Amino acid sequence: MKEARTTGHISRGPRRGPHHTALAVLWACALLLTGCAAGPPGQRMGHGPAEPPGTTATTVPPGLAGHYRQKLRWTPCAEQPSFQCTTLRAPLDYARPEAGDIFLAATRKKATGTGARHISSLLFNPGGPGEPAITSLWSFAGAFSPAVRASYDLVAVDPRGVGSSTPVNCGDDTAGIPAAVRRPRGPGGPDEYGPDFAAADEAARETATACERGAGRLLPHVGTLDSARDLELVRALLGDERLHYLGFSYGSYLGASYAGLFPSRVGRMVLDGAVDPTLDGVHSLLGQARGYQIAWDSFAADCSARPACPVGRSAAEAGPALDALVDALDRAPLRQGKDVVVDGDSLISAVTTALMAPAWEKLRAALREVRTGDTTTVQELGGAFEDSGFSGDAYVAITCLSGSLGARATPAQARAALPEFVRASPRFGRYFADQLSTCAHWPVPADQPAGPITAPGAPPILVVGTTRDPATPYTEARALARLLSSGRLLTYDGDGHTAYLRSVGCVDDAVDGYLTRGQLPPAGTVCT
């Protein structure tokens, strides 16, 4: 585990995928122009034609004939022989295909059903940004129901810049950690509530400089809309008439972006842990601060009703008790061996990870242990993302291309916003405010402005929202379902980040029914 100053993390991204307790990759901190044949750069999704009149599912966009004529060669994956793997070429710049190619890596688990039982391929994205989709599918393929496994080839593509696809690599200067998670905070800081915004701004500048030096040519071309165009290319190469898609968290943003660009090519699409594309980066972070506060309050109410709750005998006591533990660790960090330092940020990281899972029993254990100087569970939770293949470089590069995800505040603007963040979330507001300068010095401007995605003419899109989801608050799922011209909201009245494949029978049955039979849950359905 790295020193705590590089492992504390709460930001908008990654907007994680399905309940990553099983994967132990919850990075609880933590998303582009027109379609291949769409209009001019800067056109907002859902406004104006994303597809030329008369476009069909087999139309090849101009200049991309060579890419669309590729033949996918599937072979057993070296690490997971029960899956197949392949690579394909995609243009670095869809507007200028002659500028060269990048490579995308993909994996597939063939459907168990044949004939009428086999529908098509189901593209899977677990969240992020910066999270490999391939290894996530390897871990989660067994969680799908027999009906879904019979109906679909499960397919995952590592997004451009991520994993085994052509990666964003900013070099050793960033140590793979975005500026957003380097928190130079602690006693003696210049701000009333703790964050040192000048230091955070300088860290963002250093990261931007390193990334421009190490990956400058790739940086303008790793945004969400370019990844959505990649999905369209993959759909065509798979021979599918429509894109059937399951996206969690940031993956919901990617799926909605695809629907905005190619509404007539959408198949059965499920977006779980949805992101509201109309929010700018500041309000997205503010929403997450509120979301984590709601999640903490839910945990605290449950904990205080149990004997020996480590943060008090009432929900009102729990918050100050957590604050006291964080402050104590900041004043006197715990050292475990030569390389492990556990401070207040480490504890906050563990808390947010557990709230996302949700893993309340483990969180109670972590809070109980740390009082006695034992950091075993804090380290397990706080360092959970380290072996996931998550890329901090890709996280920043993708986030900063989206007006909905990347904040570009100056130190003065961040300091002015801090009181609102603390009011929204007494426990976590200052940590989210510390992310406000993540993209302040990014060398590439955002090319996907915050704005509505409507996907006119798309078939029904099922949006799943969890009422006490900390990372993608329920208000965002409701907003996206209203924005989409064919959106249908499925509500899970519960805790944790995302709902499908978390053994919530009502949610699993509803999503499976849509994926396998095209049957939407009734409007207003609430699962508990």
# chains A, B, ... in the order shown; residues from 1 in each chain; ligands from 1

$ closest_atom_pairs --of "stretch 382-499 of chain A" --to "stretch 268-274 of chain A" --cutoff "8 Å" --atoms "only C-alpha atoms" --output "Markdown table"
| residue | atom | partner | partner_atom | distance |
| --- | --- | --- | --- | --- |
| A:Pro459 | CA | A:Arg268 | CA | 7.5 |
| A:Pro460 | CA | A:Arg268 | CA | 7.2 |
| A:Ile461 | CA | A:Met269 | CA | 5.2 |
| A:Leu462 | CA | A:Val270 | CA | 4.8 |
| A:Val463 | CA | A:Leu271 | CA | 4.8 |
| A:Val464 | CA | A:Asp272 | CA | 4.5 |
| A:Gly465 | CA | A:Gly273 | CA | 5.5 |
| A:Thr466 | CA | A:Gly273 | CA | 7.0 |
| A:Asp469 | CA | A:Gly273 | CA | 7.7 |
| A:Thr472 | CA | A:Gly273 | CA | 5.6 |
| A:Pro473 | CA | A:Gly273 | CA | 7.8 |
| A:Tyr474 | CA | A:Gly273 | CA | 7.8 |
| A:Glu476 | CA | A:Ala274 | CA | 6.1 |
| A:Ala477 | CA | A:Ala274 | CA | 4.7 |
| A:Leu480 | CA | A:Ala274 | CA | 6.9 |
| A:His497 | CA | A:Gly273 | CA | 6.6 |
| A:Thr498 | CA | A:Gly273 | CA | 4.7 |
| A:Ala499 | CA | A:Asp272 | CA | 7.0 |

$ write_last_selection --atoms "C-alpha atoms" --output "compact mmCIF listing (two decimals), in the first residue's frame"
# COMPACT_ATOMS: atom_id res chain seq x y z
CA PRO A 459 -36.17 2.34 -28.12
CA PRO A 460 -36.87 2.19 -24.37
CA ILE A 461 -33.80 2.76 -22.19
CA LEU A 462 -34.02 1.37 -18.66
CA VAL A 463 -32.40 3.63 -16.04
CA VAL A 464 -31.75 2.16 -12.58
CA GLY A 465 -31.27 4.39 -9.55
CA THR A 466 -30.55 3.59 -5.89
CA ASP A 469 -26.32 5.74 -3.76
CA THR A 472 -24.24 8.61 -8.38
CA PRO A 473 -27.02 10.11 -6.28
CA TYR A 474 -30.57 9.02 -7.00
CA GLU A 476 -29.20 11.93 -11.19
CA ALA A 477 -30.95 8.72 -12.21
CA LEU A 480 -31.48 11.07 -16.85
CA HIS A 497 -23.61 2.16 -5.47
CA THR A 498 -25.68 0.57 -8.28
CA ALA A 499 -28.29 -2.15 -7.86

$ residues_around --residues "A:Ala141" --least-positions-apart "4" --cutoff "10 Å" --atoms "only C-alpha atoms" --output "ChimeraX atom specification"
/A:83,108-109,124,136-137,145,149,154-155

$ write_last_selection --atoms "N, CA and C atoms" --output "compact mmCIF listing (two decimals), in the first residue's frame"
# COMPACT_ATOMS: atom_id res chain seq x y z
N PHE A 83 -12.67 -17.45 -21.84
CA PHE A 83 -13.08 -16.27 -22.59
C PHE A 83 -12.25 -16.18 -23.86
N ARG A 108 -14.75 -11.70 -24.93
CA ARG A 108 -16.10 -12.21 -25.18
C ARG A 108 -16.29 -13.53 -24.45
N LYS A 109 -17.47 -13.71 -23.88
CA LYS A 109 -17.92 -14.98 -23.34
C LYS A 109 -19.12 -15.42 -24.16
N PHE A 124 -20.72 -4.64 -22.21
CA PHE A 124 -20.70 -4.41 -20.76
C PHE A 124 -19.63 -3.39 -20.43
N SER A 136 -13.02 -6.74 -15.50
CA SER A 136 -14.27 -6.69 -14.76
C SER A 136 -15.24 -7.74 -15.27
N LEU A 137 -15.34 -7.88 -16.59
CA LEU A 137 -16.23 -8.90 -17.13
C LEU A 137 -15.76 -10.29 -16.74
N SER A 145 -27.56 -14.04 -14.77
CA SER A 145 -28.50 -15.16 -14.67
C SER A 145 -28.34 -16.11 -15.86
N ARG A 149 -27.19 -15.27 -19.78
CA ARG A 149 -26.05 -15.98 -20.35
C ARG A 149 -26.46 -16.78 -21.58
N LEU A 154 -21.49 -12.15 -23.97
CA LEU A 154 -21.08 -11.03 -23.12
C LEU A 154 -19.77 -10.48 -23.67
N VAL A 155 -19.74 -9.19 -23.97
CA VAL A 155 -18.58 -8.56 -24.61
C VAL A 155 -18.17 -7.33 -23.82

$ residues_around --residues "stretch 291-307 of chain A" --least-positions-apart "4" --cutoff "10 Å" --atoms "only C-alpha atoms" --output "count of residues only"
45

$ residues_around --residues "A:Val444" --least-positions-apart "2" --cutoff "9 Å" --atoms "only C-alpha atoms" --output "list in words"
Glu212, Gly216, Leu219, Pro220, Ala397, Cys400, Leu401, His441, Trp442, Ala446 and Asp447 of chain A

$ write_last_selection --atoms "N, CA, C and O atoms" --output "PDB file, in the first residue's frame"
ATOM      1  N   GLU A 212       0.785  16.030 -20.739  1.00  0.00           N
ATOM      2  CA  GLU A 212       1.019  16.629 -22.057  1.00  0.00           C
ATOM      3  C   GLU A 212       2.345  16.152 -22.624  1.00  0.00           C
ATOM      4  O   GLU A 212       2.462  15.867 -23.826  1.00  0.00           O
ATOM      5  N   GLY A 216       0.642  13.541 -25.056  1.00  0.00           N
ATOM      6  CA  GLY A 216      -0.012  14.698 -25.658  1.00  0.00           C
ATOM      7  C   GLY A 216      -0.819  14.388 -26.900  1.00  0.00           C
ATOM      8  O   GLY A 216      -1.915  14.925 -27.097  1.00  0.00           O
ATOM      9  N   LEU A 219      -4.236  12.726 -25.876  1.00  0.00           N
ATOM     10  CA  LEU A 219      -5.132  13.386 -24.926  1.00  0.00           C
ATOM     11  C   LEU A 219      -6.409  13.954 -25.538  1.00  0.00           C
ATOM     12  O   LEU A 219      -7.471  13.870 -24.907  1.00  0.00           O
ATOM     13  N   PRO A 220      -6.387  14.566 -26.750  1.00  0.00           N
ATOM     14  CA  PRO A 220      -7.646  15.105 -27.275  1.00  0.00           C
ATOM     15  C   PRO A 220      -8.638  14.039 -27.729  1.00  0.00           C
ATOM     16  O   PRO A 220      -9.771  14.371 -28.079  1.00  0.00           O
ATOM     17  N   ALA A 397      -7.495  12.155 -17.839  1.00  0.00           N
ATOM     18  CA  ALA A 397      -7.595  12.496 -19.260  1.00  0.00           C
ATOM     19  C   ALA A 397      -9.037  12.437 -19.751  1.00  0.00           C
ATOM     20  O   ALA A 397      -9.491  13.301 -20.512  1.00  0.00           O
ATOM     21  N   CYS A 400     -11.377  15.176 -17.826  1.00  0.00           N
ATOM     22  CA  CYS A 400     -11.173  16.575 -18.189  1.00  0.00           C
ATOM     23  C   CYS A 400     -11.695  16.919 -19.574  1.00  0.00           C
ATOM     24  O   CYS A 400     -11.743  18.096 -19.940  1.00  0.00           O
ATOM     25  N   LEU A 401     -12.118  15.929 -20.349  1.00  0.00           N
ATOM     26  CA  LEU A 401     -12.743  16.207 -21.637  1.00  0.00           C
ATOM     27  C   LEU A 401     -14.256  16.374 -21.522  1.00  0.00           C
ATOM     28  O   LEU A 401     -14.910  16.671 -22.514  1.00  0.00           O
ATOM     29  N   HIS A 441      -5.669  23.061 -15.184  1.00  0.00           N
ATOM     30  CA  HIS A 441      -4.527  23.312 -16.062  1.00  0.00           C
ATOM     31  C   HIS A 441      -4.425  22.276 -17.181  1.00  0.00           C
ATOM     32  O   HIS A 441      -3.369  22.146 -17.797  1.00  0.00           O
ATOM     33  N   TRP A 442      -5.524  21.565 -17.416  1.00  0.00           N
ATOM     34  CA  TRP A 442      -5.471  20.506 -18.420  1.00  0.00           C
ATOM     35  C   TRP A 442      -5.192  21.101 -19.807  1.00  0.00           C
ATOM     36  O   TRP A 442      -5.797  22.113 -20.173  1.00  0.00           O
ATOM     37  N   ALA A 446     -12.320  20.894 -22.676  1.00  0.00           N
ATOM     38  CA  ALA A 446     -13.428  19.940 -22.696  1.00  0.00           C
ATOM     39  C   ALA A 446     -14.148  20.037 -24.030  1.00  0.00           C
ATOM     40  O   ALA A 446     -14.398  21.131 -24.532  1.00  0.00           O
ATOM     41  N   ASP A 447     -14.468  18.885 -24.601  1.00  0.00           N
ATOM     42  CA  ASP A 447     -15.147  18.900 -25.890  1.00  0.00           C
ATOM     43  C   ASP A 447     -16.545  18.293 -25.822  1.00  0.00           C
ATOM     44  O   ASP A 447     -17.195  18.119 -26.839  1.00  0.00           O
TER      45      ASP A 447
END

$ closest_residue --among "A:Glu206, A:Asp158, A:Asp323, A:Asp276" --to "A:Arg430" --atoms "only C-alpha atoms"
A:Asp323

$ select_by_dssp --residues "stretch 182-395 of chain A" --states "helix (DSSP H, G or I)" --output "count of residues only"
132

$ closest_residue --among "A:Leu325, A:Cys439, A:Leu123, A:Cys309" --to "A:Phe248" --atoms "only C-alpha atoms"
A:Leu123

$ residues_around --residues "stretch 509-520 of chain A" --least-positions-apart "6" --cutoff "7 Å" --atoms "only C-alpha atoms" --output "list in words"
Ala147, Val148, Ser151 and Arg268 of chain A

$ atom_distance --atom1 "atom CA of A:Asn169" --atom2 "atom CA of A:Gln379"
26.5 Å

$ closest_residue --among "A:Leu64, A:Ala328, A:Leu72, A:Ala407" --to "A:Gly100" --atoms "only C-alpha atoms"
A:Leu64

$ closest_residue --among "A:Val234, A:Ala289, A:Ala409, A:Cys211" --to "A:Phe197" --atoms "only C-alpha atoms"
A:Ala409

$ select_by_dssp --residues "stretch 250-440 of chain A" --states "strand (DSSP E)" --output "PyMOL selection string"
chain A and resi 266-272+334-336+340-342

$ residues_around --residues "A:Arg415" --least-positions-apart "3" --cutoff "12 Å" --atoms "only C-alpha atoms" --output "MDAnalysis selection string"
chainID A and resid 190:198 200:201 409:412 418:422 430 432:437

$ decode --residues "stretch 479-497 of chain A" --atoms "N, CA, C and O atoms" --output "compact mmCIF listing (two decimals), in the first residue's frame"
# COMPACT_ATOMS: atom_id res chain seq x y z
N ALA A 479 -33.11 12.31 -13.11
CA ALA A 479 -32.92 13.33 -14.14
C ALA A 479 -32.66 12.70 -15.50
O ALA A 479 -33.23 13.13 -16.51
N LEU A 480 -31.78 11.69 -15.55
CA LEU A 480 -31.48 11.07 -16.85
C LEU A 480 -32.71 10.38 -17.42
O LEU A 480 -32.98 10.48 -18.63
N ALA A 481 -33.48 9.70 -16.58
CA ALA A 481 -34.68 9.03 -17.08
C ALA A 481 -35.67 10.03 -17.67
O ALA A 481 -36.35 9.74 -18.66
N ARG A 482 -35.74 11.22 -17.07
CA ARG A 482 -36.64 12.25 -17.62
C ARG A 482 -36.08 12.83 -18.91
O ARG A 482 -36.84 13.15 -19.84
N LEU A 483 -34.76 12.98 -19.00
CA LEU A 483 -34.15 13.58 -20.18
C LEU A 483 -34.32 12.70 -21.41
O LEU A 483 -34.63 13.19 -22.50
N LEU A 484 -34.07 11.42 -21.26
CA LEU A 484 -34.13 10.51 -22.40
C LEU A 484 -35.57 10.42 -22.91
O LEU A 484 -36.51 10.24 -22.13
N SER A 485 -35.72 10.53 -24.20
CA SER A 485 -37.07 10.54 -24.76
C SER A 485 -37.80 9.23 -24.50
O SER A 485 -39.03 9.20 -24.46
N SER A 486 -37.04 8.14 -24.29
CA SER A 486 -37.67 6.83 -24.05
C SER A 486 -37.21 6.24 -22.73
O SER A 486 -37.22 5.03 -22.55
N GLY A 487 -36.81 7.09 -21.78
CA GLY A 487 -36.30 6.59 -20.51
C GLY A 487 -37.39 6.01 -19.63
O GLY A 487 -38.52 6.50 -19.60
N ARG A 488 -37.04 4.95 -18.91
CA ARG A 488 -37.93 4.34 -17.92
C ARG A 488 -37.12 4.13 -16.65
O ARG A 488 -36.08 3.46 -16.68
N LEU A 489 -37.55 4.68 -15.53
CA LEU A 489 -36.81 4.61 -14.28
C LEU A 489 -37.24 3.41 -13.46
O LEU A 489 -38.43 3.18 -13.23
N LEU A 490 -36.26 2.65 -12.99
CA LEU A 490 -36.46 1.57 -12.02
C LEU A 490 -35.73 1.99 -10.75
O LEU A 490 -34.52 2.25 -10.79
N THR A 491 -36.44 2.06 -9.63
CA THR A 491 -35.88 2.55 -8.38
C THR A 491 -35.60 1.40 -7.43
O THR A 491 -36.43 0.51 -7.23
N TYR A 492 -34.40 1.43 -6.83
CA TYR A 492 -34.07 0.53 -5.72
C TYR A 492 -33.98 1.36 -4.47
O TYR A 492 -33.11 2.22 -4.34
N ASP A 493 -34.88 1.12 -3.53
CA ASP A 493 -34.87 1.82 -2.25
C ASP A 493 -33.87 1.10 -1.35
O ASP A 493 -34.22 0.15 -0.63
N GLY A 494 -32.62 1.55 -1.42
CA GLY A 494 -31.58 0.84 -0.69
C GLY A 494 -30.29 1.63 -0.62
O GLY A 494 -30.26 2.83 -0.95
N ASP A 495 -29.24 0.95 -0.19
CA ASP A 495 -27.93 1.57 0.03
C ASP A 495 -26.91 1.01 -0.95
O ASP A 495 -27.09 -0.07 -1.53
N GLY A 496 -25.82 1.76 -1.12
CA GLY A 496 -24.73 1.30 -1.96
C GLY A 496 -24.82 1.86 -3.38
O GLY A 496 -25.81 2.47 -3.78
N HIS A 497 -23.75 1.61 -4.12
CA HIS A 497 -23.61 2.16 -5.47
C HIS A 497 -24.00 1.11 -6.49
O HIS A 497 -23.37 0.06 -6.60
